[in-house]
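Student: Data file start_33.txt (compact mmCIF, C-alpha atoms and all ligand atoms) is appended below.
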# COMPACT_ATOMS: atom_id res chain seq x y z
CA MET O 1 0.00 0.00 0.00
CA ILE O 2 1.64 3.24 -1.17
CA LYS O 3 1.12 6.34 0.97
CA ARG O 4 4.35 8.33 0.88
CA ILE O 5 6.75 8.84 -2.00
CA GLY O 6 10.00 10.77 -2.30
CA VAL O 7 11.44 12.61 -5.30
CA LEU O 8 14.99 13.79 -5.85
CA THR O 9 17.00 15.41 -8.65
CA SER O 10 20.57 14.25 -9.11
CA GLY O 11 23.56 15.19 -11.28
CA GLY O 12 23.83 18.35 -13.38
CA ASP O 13 20.70 20.50 -13.39
CA CYS O 14 18.81 21.33 -16.58
CA ALA O 15 15.61 23.01 -17.71
CA GLY O 16 12.44 20.99 -17.11
CA LEU O 17 13.29 19.48 -13.71
CA ASN O 18 10.76 21.64 -11.87
CA ALA O 19 8.08 20.78 -14.42
CA ALA O 20 8.74 17.09 -13.67
CA ILE O 21 8.59 17.63 -9.89
CA ARG O 22 5.28 19.45 -10.35
CA ALA O 23 3.82 16.69 -12.55
CA ILE O 24 4.81 14.03 -9.98
CA THR O 25 3.27 16.04 -7.14
CA TYR O 26 0.02 16.73 -8.99
CA ARG O 27 -0.48 13.13 -10.05
CA ALA O 28 0.47 11.60 -6.71
CA ILE O 29 -1.73 13.89 -4.63
CA GLN O 30 -4.69 14.54 -6.93
CA THR O 31 -5.10 11.04 -8.34
CA TYR O 32 -3.84 8.83 -5.55
CA GLY O 33 -4.02 10.96 -2.40
CA TRP O 34 -0.39 10.22 -1.45
CA HIS O 35 2.09 12.44 0.40
CA VAL O 36 5.07 13.64 -1.66
CA PHE O 37 8.44 14.56 -0.15
CA GLY O 38 11.09 16.47 -2.09
CA ILE O 39 14.56 15.34 -1.00
CA HIS O 40 17.11 18.16 -1.05
CA ASN O 41 20.43 18.12 -2.89
CA GLY O 42 20.26 14.80 -4.66
CA THR O 43 20.86 11.80 -2.42
CA THR O 44 22.37 14.03 0.29
CA GLY O 45 18.99 14.89 1.84
CA LEU O 46 18.52 11.29 2.97
CA ILE O 47 22.12 10.87 4.16
CA VAL O 48 22.35 13.84 6.53
CA ARG O 49 20.65 14.03 9.95
CA PRO O 50 18.27 15.61 10.49
CA LEU O 51 16.96 14.55 7.10
CA ASP O 52 16.85 17.40 4.59
CA TYR O 53 13.54 17.49 2.69
CA ARG O 54 10.27 19.33 2.33
CA GLU O 55 6.76 18.08 1.81
CA LEU O 56 5.47 19.07 -1.63
CA THR O 57 1.91 20.23 -2.07
CA VAL O 58 -0.18 21.20 -5.09
CA GLU O 59 -0.17 24.80 -3.83
CA PHE O 60 3.62 24.86 -3.49
CA CYS O 61 4.08 23.44 -7.01
CA ASN O 62 2.37 26.37 -8.71
CA SER O 63 2.56 27.15 -12.37
CA MET O 64 5.47 29.58 -11.89
CA MET O 65 7.54 26.64 -10.74
CA MET O 66 6.84 24.74 -13.95
CA ARG O 67 8.21 27.67 -15.94
CA SER O 68 11.41 28.06 -13.94
CA GLY O 69 14.87 26.69 -14.65
CA GLY O 70 17.12 24.73 -12.30
CA THR O 71 15.69 22.48 -9.60
CA ILE O 72 13.86 23.73 -6.52
CA LEU O 73 15.19 20.64 -4.71
CA GLY O 74 18.85 21.33 -5.43
CA SER O 75 21.21 18.81 -6.99
CA THR O 76 24.78 17.65 -6.90
CA ASN O 77 27.13 15.50 -8.92
CA LYS O 78 29.69 15.19 -6.13
CA SER O 79 27.96 13.16 -3.45
CA ASP O 80 27.90 9.51 -4.41
CA PRO O 81 26.68 7.87 -1.15
CA PHE O 82 29.12 5.01 -1.70
CA ASN O 83 31.97 7.51 -1.90
CA PHE O 84 30.71 10.44 0.16
CA PRO O 85 33.02 13.26 1.34
CA ASP O 86 33.22 13.57 5.13
CA ALA O 87 34.04 16.84 6.96
CA THR O 88 37.76 16.44 6.20
CA GLY O 89 37.17 15.66 2.52
CA LYS O 90 37.95 11.95 3.00
CA ARG O 91 35.60 9.69 1.04
CA ILE O 92 33.54 7.20 3.00
CA ASP O 93 30.61 4.84 2.34
CA ARG O 94 27.35 6.47 3.53
CA SER O 95 25.01 4.25 1.49
CA GLN O 96 23.52 2.67 4.63
CA ASP O 97 22.63 6.14 5.93
CA PHE O 98 20.76 6.81 2.70
CA CYS O 99 18.78 3.58 3.01
CA ASP O 100 18.06 4.30 6.68
CA GLY O 101 16.92 7.82 5.69
CA TYR O 102 14.41 6.33 3.25
CA ARG O 103 12.97 4.23 6.12
CA GLU O 104 13.08 7.11 8.62
CA LEU O 105 10.95 9.22 6.25
CA GLN O 106 8.68 6.17 5.88
CA LEU O 107 8.86 6.28 2.11
CA ASP O 108 7.09 3.57 0.15
CA ALA O 109 8.83 4.51 -3.11
CA LEU O 110 11.33 6.98 -4.55
CA ILE O 111 11.48 8.73 -7.91
CA GLY O 112 15.00 9.71 -8.97
CA ILE O 113 15.39 12.20 -11.80
CA GLY O 114 18.88 11.89 -13.23
CA GLY O 115 21.27 10.89 -15.97
CA ASP O 116 23.11 7.59 -16.41
CA GLY O 117 25.59 8.16 -13.57
CA SER O 118 22.87 9.06 -11.08
CA MET O 119 20.68 6.17 -12.16
CA ARG O 120 23.54 3.73 -11.71
CA ILE O 121 24.09 4.94 -8.13
CA LEU O 122 20.37 5.04 -7.29
CA ARG O 123 19.87 1.52 -8.59
CA HIS O 124 22.83 0.30 -6.53
CA LEU O 125 21.24 1.92 -3.45
CA ALA O 126 17.82 0.44 -4.23
CA LEU O 127 19.28 -3.06 -4.54
CA LYS O 128 21.25 -2.68 -1.33
CA GLY O 129 18.35 -1.30 0.73
CA ASN O 130 15.47 -3.06 -1.03
CA LEU O 131 14.03 0.34 -1.95
CA ASN O 132 11.24 0.85 -4.47
CA LEU O 133 12.79 2.97 -7.20
CA VAL O 134 11.54 4.48 -10.45
CA THR O 135 13.72 6.84 -12.49
CA ILE O 136 13.10 9.66 -14.97
CA PRO O 137 15.79 10.44 -17.56
CA LYS O 138 17.25 13.95 -17.63
CA THR O 139 20.40 15.07 -19.37
CA ILE O 140 21.08 17.82 -21.87
CA ASP O 141 23.57 15.39 -23.45
CA ASN O 142 20.71 13.03 -24.49
CA ASP O 143 23.07 10.08 -24.29
CA LEU O 144 20.81 7.65 -22.41
CA GLY O 145 19.65 4.51 -24.16
CA HIS O 146 16.02 3.51 -24.66
CA THR O 147 14.55 7.02 -24.68
CA GLU O 148 14.44 9.31 -27.67
CA SER O 149 14.70 12.36 -25.48
CA ALA O 150 15.71 13.13 -21.92
CA ILE O 151 14.48 16.15 -19.96
CA GLY O 152 16.70 19.18 -20.61
CA TYR O 153 17.84 18.21 -24.09
CA PRO O 154 15.15 20.07 -26.06
CA THR O 155 15.85 23.33 -24.22
CA ALA O 156 19.61 22.96 -24.67
CA VAL O 157 19.06 22.57 -28.42
CA GLU O 158 16.82 25.67 -28.44
CA VAL O 159 19.48 27.71 -26.65
CA ALA O 160 22.27 26.56 -28.98
CA THR O 161 20.08 27.26 -32.01
CA GLU O 162 19.31 30.74 -30.74
CA ALA O 163 23.04 31.32 -30.27
CA LEU O 164 23.62 30.48 -33.96
CA ASP O 165 20.73 32.76 -34.91
CA ARG O 166 22.44 35.58 -33.04
CA LEU O 167 25.94 34.79 -34.30
CA GLN O 168 24.95 34.68 -37.96
CA PRO O 169 24.22 38.41 -38.45
CA THR O 170 27.38 39.50 -36.65
CA ALA O 171 29.44 36.95 -38.61
CA ALA O 172 27.94 38.24 -41.87
CA SER O 173 28.44 41.89 -40.93
CA HIS O 174 32.13 41.40 -40.17
CA GLN O 175 32.90 38.68 -42.72
CA ARG O 176 34.04 36.34 -40.02
CA VAL O 177 34.13 32.67 -39.23
CA MET O 178 32.19 32.11 -36.00
CA ILE O 179 32.81 28.99 -33.97
CA LEU O 180 30.21 27.98 -31.38
CA GLU O 181 31.36 25.37 -28.84
CA VAL O 182 28.50 23.51 -27.18
CA MET O 183 28.14 20.96 -24.37
CA GLY O 184 27.10 17.33 -24.70
CA ARG O 185 30.06 15.44 -23.25
CA ASP O 186 30.94 12.45 -25.44
CA ALA O 187 27.82 12.64 -27.58
CA GLY O 188 27.25 15.15 -30.39
CA HIS O 189 23.45 15.39 -30.22
CA ILE O 190 23.24 19.07 -29.22
CA ALA O 191 25.76 20.17 -31.86
CA LEU O 192 24.12 18.14 -34.62
CA SER O 193 20.53 19.19 -33.89
CA ALA O 194 21.30 22.85 -33.25
CA GLY O 195 23.66 22.90 -36.23
CA ILE O 196 20.88 21.77 -38.54
CA ALA O 197 18.28 24.06 -36.95
CA GLY O 198 20.60 27.07 -36.81
CA GLY O 199 22.04 26.82 -40.33
CA ALA O 200 25.63 25.88 -39.49
CA ASP O 201 27.98 25.35 -42.42
CA ILE O 202 30.17 22.90 -40.53
CA ILE O 203 29.15 20.60 -37.65
CA LEU O 204 31.85 18.75 -35.73
CA ILE O 205 30.88 15.95 -33.34
CA PRO O 206 32.91 13.30 -31.51
CA GLU O 207 31.28 10.49 -33.49
CA VAL O 208 32.61 11.71 -36.87
CA PRO O 209 36.39 12.11 -37.22
CA TYR O 210 37.35 15.29 -39.09
CA SER O 211 40.35 16.69 -40.87
CA LEU O 212 41.42 20.34 -40.81
CA ASP O 213 41.91 20.17 -44.59
CA LYS O 214 38.24 19.32 -45.11
CA ILE O 215 37.20 22.21 -42.88
CA THR O 216 39.34 24.73 -44.76
CA GLN O 217 38.12 23.31 -48.09
CA LYS O 218 34.54 23.91 -47.00
CA ILE O 219 35.32 27.49 -45.98
CA SER O 220 37.03 28.10 -49.35
CA SER O 221 34.11 26.59 -51.25
CA LEU O 222 31.74 28.94 -49.43
CA ALA O 223 33.98 31.87 -50.42
CA ASP O 224 33.93 30.66 -54.05
CA LEU O 225 30.14 30.89 -53.89
CA GLY O 226 30.38 34.48 -52.70
CA ARG O 227 29.75 33.77 -49.02
CA THR O 228 31.85 35.97 -46.82
CA PHE O 229 31.21 34.30 -43.50
CA ALA O 230 30.88 30.80 -42.04
CA LEU O 231 29.22 29.27 -38.99
CA ILE O 232 30.84 26.30 -37.28
CA ILE O 233 29.34 24.43 -34.34
CA VAL O 234 31.56 22.03 -32.43
CA ALA O 235 30.73 19.62 -29.61
CA GLU O 236 32.95 20.05 -26.55
CA ALA O 237 34.39 16.50 -26.66
CA VAL O 238 35.68 16.74 -30.24
CA LYS O 239 39.40 15.96 -30.15
CA THR O 240 42.36 17.64 -31.82
CA GLU O 241 43.37 16.41 -35.24
CA ASN O 242 45.91 14.19 -33.46
CA ASN O 243 43.13 12.62 -31.43
CA GLU O 244 43.93 14.35 -28.15
CA PRO O 245 41.04 15.42 -25.90
CA VAL O 246 40.87 19.14 -25.09
CA VAL O 247 40.09 19.45 -21.39
CA LEU O 248 40.04 22.23 -18.82
CA ASP O 249 40.67 20.05 -15.78
CA ALA O 250 39.37 17.04 -13.91
CA ASP O 251 36.72 17.75 -11.29
CA ASN O 252 36.38 14.92 -8.78
CA GLY O 253 37.91 12.49 -11.26
CA ARG O 254 35.58 13.57 -14.10
CA VAL O 255 37.17 15.55 -16.94
CA ARG O 256 35.71 18.93 -17.83
CA TYR O 257 35.85 19.54 -21.55
CA GLY O 258 36.59 22.97 -22.97
CA GLY O 259 38.81 24.65 -25.53
CA ILE O 260 38.27 22.75 -28.79
CA GLY O 261 36.68 25.88 -30.31
CA GLN O 262 39.81 27.95 -29.74
CA TYR O 263 42.05 25.11 -30.96
CA LEU O 264 40.11 25.00 -34.23
CA ALA O 265 40.15 28.80 -34.52
CA ASP O 266 43.95 28.89 -34.23
CA LYS O 267 44.39 26.12 -36.80
CA ILE O 268 41.86 27.49 -39.30
CA SER O 269 43.17 31.03 -39.10
CA GLU O 270 46.74 29.73 -39.66
CA SER O 271 45.74 28.06 -42.92
CA THR O 272 43.07 30.46 -44.25
CA GLY O 273 43.89 33.82 -42.69
CA ALA O 274 40.20 34.12 -41.82
CA ASP O 275 39.07 36.47 -39.08
CA ILE O 276 37.64 34.08 -36.47
CA ARG O 277 35.76 34.46 -33.21
CA VAL O 278 34.89 31.72 -30.74
CA MET O 279 31.94 31.50 -28.39
CA VAL O 280 31.79 28.88 -25.66
CA LEU O 281 28.11 28.58 -24.79
CA GLY O 282 28.56 26.75 -21.47
CA HIS O 283 25.95 26.53 -18.76
CA VAL O 284 23.39 28.81 -20.41
CA GLN O 285 22.39 25.59 -22.20
CA ARG O 286 21.23 24.20 -18.85
CA GLY O 287 19.61 27.23 -17.26
CA GLY O 288 16.59 29.35 -18.04
CA GLN O 289 12.99 28.52 -18.82
CA PRO O 290 12.27 25.08 -20.22
CA CYS O 291 10.92 25.14 -23.77
CA ALA O 292 7.45 23.72 -24.47
CA GLN O 293 8.81 20.33 -25.55
CA ASP O 294 10.69 19.95 -22.26
CA ARG O 295 7.60 20.82 -20.23
CA ILE O 296 5.52 18.29 -22.17
CA LEU O 297 8.18 15.62 -21.77
CA ALA O 298 8.52 16.34 -18.04
CA ALA O 299 4.75 16.19 -17.58
CA ALA O 300 4.32 12.91 -19.45
CA LEU O 301 7.30 11.21 -17.80
CA GLY O 302 6.34 12.48 -14.33
CA VAL O 303 2.76 11.23 -14.57
CA HIS O 304 3.89 7.85 -15.89
CA ALA O 305 6.48 7.45 -13.13
CA VAL O 306 3.77 7.90 -10.49
CA ASP O 307 1.46 5.49 -12.32
CA LEU O 308 4.22 2.86 -12.32
CA ILE O 309 4.47 3.17 -8.54
CA SER O 310 0.71 2.78 -8.22
CA LYS O 311 1.01 -0.51 -10.12
CA GLY O 312 3.92 -1.71 -7.99
CA LYS O 313 6.33 -1.65 -10.97
CA PHE O 314 9.81 -0.75 -9.74
CA ASP O 315 13.40 -0.73 -10.97
CA ARG O 316 12.11 0.90 -14.18
CA MET O 317 13.01 4.04 -16.08
CA VAL O 318 10.24 5.91 -17.86
CA ALA O 319 11.05 6.64 -21.49
CA TRP O 320 9.79 8.55 -24.50
CA LYS O 321 9.51 6.39 -27.60
CA ASN O 322 7.44 6.53 -30.78
CA ARG O 323 5.32 9.48 -29.63
CA ARG O 324 4.40 7.91 -26.29
CA VAL O 325 5.68 7.12 -22.81
CA GLU O 326 6.95 3.65 -22.04
CA ASP O 327 9.10 2.15 -19.32
CA VAL O 328 12.19 -0.04 -19.46
CA PRO O 329 14.42 -1.75 -16.88
CA ILE O 330 16.84 0.83 -15.46
CA GLU O 331 19.64 -1.63 -16.07
CA ASP O 332 18.97 -1.65 -19.83
CA ALA O 333 18.86 2.14 -20.04
CA ILE O 334 22.19 2.70 -18.30
CA LYS O 335 23.90 -0.10 -20.22
CA GLN O 336 23.38 1.62 -23.55
CA PHE O 337 25.38 4.80 -24.14
CA GLN O 338 23.50 6.57 -26.91
CA GLN O 339 25.89 8.39 -29.21
CA VAL O 340 24.84 9.92 -32.53
CA ASP O 341 24.05 7.20 -35.07
CA THR O 342 26.46 7.99 -37.89
CA GLN O 343 24.16 6.22 -40.35
CA GLY O 344 21.00 7.82 -38.92
CA THR O 345 18.50 10.40 -40.15
CA MET O 346 20.13 13.38 -38.49
CA ILE O 347 23.52 12.78 -40.11
CA ARG O 348 21.88 12.06 -43.46
CA THR O 349 19.88 15.27 -43.13
CA ALA O 350 22.96 17.34 -42.36
CA ARG O 351 24.83 15.88 -45.33
CA GLY O 352 21.73 16.30 -47.49
CA LEU O 353 21.75 20.02 -46.74
CA GLY O 354 25.38 20.28 -47.81
CA ILE O 355 26.60 20.81 -44.24
CA SER O 356 30.18 19.61 -43.82
CA LEU O 357 30.87 17.21 -40.97
CA GLY O 358 34.58 17.77 -41.46
CA ASP O 359 35.14 14.33 -43.02
O1 LIG O 401 26.28 16.28 -18.44
C1 LIG O 401 25.77 17.57 -18.53
C2 LIG O 401 26.87 18.58 -18.71
O2 LIG O 401 26.29 19.86 -18.85
C3 LIG O 401 27.81 18.30 -19.88
O3 LIG O 401 27.26 18.60 -21.13
C4 LIG O 401 29.01 19.12 -19.48
O4 LIG O 401 30.19 18.60 -20.02
C5 LIG O 401 29.02 18.96 -17.97
O5 LIG O 401 27.71 18.60 -17.58
C6 LIG O 401 29.43 20.20 -17.21
O6 LIG O 401 29.50 19.85 -15.87
P1 LIG O 401 29.68 20.91 -14.69
O7 LIG O 401 28.34 21.54 -14.45
O8 LIG O 401 30.12 20.07 -13.56
O9 LIG O 401 30.69 21.91 -15.16
Written as structure tokens, that's how I'd like the structure from this file.

Tutor:
Amino acid sequence: MIKRIGVLTSGGDCAGLNAAIRAITYRAIQTYGWHVFGIHNGTTGLIVRPLDYRELTVEFCNSMMMRSGGTILGSTNKSDPFNFPDATGKRIDRSQDFCDGYRELQLDALIGIGGDGSMRILRHLALKGNLNLVTIPKTIDNDLGHTESAIGYPTAVEVATEALDRLQPTAASHQRVMILEVMGRDAGHIALSAGIAGGADIILIPEVPYSLDKITQKISSLADLGRTFALIIVAEAVKTENNEPVVLDADNGRVRYGGIGQYLADKISESTGADIRVMVLGHVQRGGQPCAQDRILAAALGVHAVDLISKGKFDRMVAWKNRRVEDVPIEDAIKQFQQVDTQGTMIRTARGLGISLGD
């Protein structure tokens, strides 16, 4: 008998998380009459004592919340309960505290909204503590298997497209090559989608190896056609021509990409003499209002997650497939890293438009 459920957001934030929290709260209270508890700061809210949470109500989850970016619950990608930093910074196993926290709050089930890393940890916790877990996919990188879209991805594509829309007139006015570096970690989904939507001339993604010669050839061919500017969009994990990753640093053992745009600018200006500017879009892709598609996705996935709990179906991730919500075993979703399909529609579309992929 379900009476009390928890919800937490884990990993990097993105647009659409609040819309998902609202959908969960509405469905759980209005349809089933349950109590909903928002756990603060990812898994941390159930590890610390006193527990850190707030009860969510329909009144609290008003329509302003659905429109807002970030997560009202807070999030973190640095507090794996199996490897949790203590006061001195030493890493210790606090997973039992998390499981005890779930019992102390008398939860009957937990909804975790996260990407592959968070889902892996949450599943590990659920198996250890025999917790009833359902997950909702969110990641601007859209690299999770078994779902066509994760919460946050549509908004990130909108933001990157708008950046190209704004870069184009200034590139044209000054006869420049503009390079836009976007996020996405090891998958090129944001760059490819925004590149098509925003009229890029060259799209570079980790899945398609490029050569600098092909890039300069494309720029020359545009010049031959009378075009005096070019737009390039590059995914952050694209490597140098010698196959070296371009990274800023490693944060808690996880590399932070950054700098491929400037690397390309230096190389292209050396060989073409072009006037080049680089824009690194960064975290604006994660913040701000969710676009309509993200709100719809968050609503559909949130409602379905609650319905799964009502049916006693656990250890499942809700997914968006073929214009509808479905659910799959969490294990299957995290096993499959979803890079861009180099033979797929999006690549074929880009090539069909005459966009160079640098190969
Ligand atoms: O995974 C989401 C993401 O935004 C990546 O696209 C990016 O590489 C990374 O997180 C940035 O992480 P942080 O917020 O820790 O700088």

Student: To one decimal place, how far is CA of Gln168 in chain O from CA of Gly198 in chain O in Å?

Tutor: 8.8 Å

Student: Tell me which protein, DNA and RNA residues are within 10 Å of Lys138 in chain O, counting only C-alpha atoms, leaving out same-chain ones fewer than 4 positions away, and put them as a PyMOL selection string.

Tutor: chain O and resi 9-17+20+112-116+118+142-144+149-153+298

Student: May I have the residues within 10 Å of ligand LIG 401 (chain O), computed using all atoms listed in the file, as an MDAnalysis selection string?

Tutor: chainID O and resid 11:14 76:78 115:117 138:143 152:153 156 182:188 190 235:237 250:252 254:258 282:286

Student: Please compute the CA of Glu207 in chain O-CA of Asp275 in chain O distance, one decimal, in Å.

Tutor: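 Going from CA of Glu207 in chain O over to CA of Asp275 in chain O covers 27.7 Å.
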
Student: Quick one: residues within 6 Å of Ile179 in chain O, only C-alpha atoms, excluding same-chain residues fewer than 5 positions away - as a list in words?

Tutor: Ile232, Ile233 and Val278 of chain O

Student: Using only C-alpha atoms, which of O:Arg227, O:Gly358, O:Thr135, O:Asp249 sits nearest Pro206 in chain O?

Tutor: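 Nearest candidate to Pro206 in chain O out of O:Arg227, O:Gly358, O:Thr135, O:Asp249: O:Gly358.
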
Student: State, in Å with one decimal place, the distance from CA of Arg4 in chain O to CA of Leu110 in chain O.

Tutor: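 CA of Leu110 in chain O lies at a distance of 8.9 Å from CA of Arg4 in chain O.
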
Student: Residues near Ile215 in chain O, anyone? I mean within 10 Å using all atoms listed in the file, not counting same-chain ones fewer than 6 positions away, as a list in words.

Tutor: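 The neighbour list is Asp201, Ile202, Ile203, Leu204, Ser221, Ile232, Leu264, Ile268, Ser356, Leu357, Gly358 and Asp359 of chain O.
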
Student: For each of O:Val340, O:Ile355, O:Leu122, O:Ala194, take the minimum atom-to-atom distance to Ala230 in chain O, counting all atoms listed in the file, then give the residue where this is smallest.

Tutor: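 Closest residue, counting all atoms listed in the file: O:Ile355.
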
Student: Find, counting only C-alpha atoms, the residue in O:Ser269, O:Ser211, O:Asn130, O:Gln336 that gets nearest to Asp315 in chain O.

Tutor: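 Among the listed residues, the smallest separation from Asp315 in chain O belongs to O:Asn130.
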
Student: Hey, which of O:Val246, O:Leu231, O:Ile330, O:Ile5 ends up closest to Thr170 in chain O? Count only C-alpha atoms.

Tutor: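 Closest candidate: O:Leu231.
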
Student: Go through O:Val238, O:Val318, O:Val159, O:Val303 and flag the residue nearest Asp332 in chain O, using all atoms listed in the file for the distances.

Tutor: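 Smallest distance to Asp332 in chain O is found for O:Val318.
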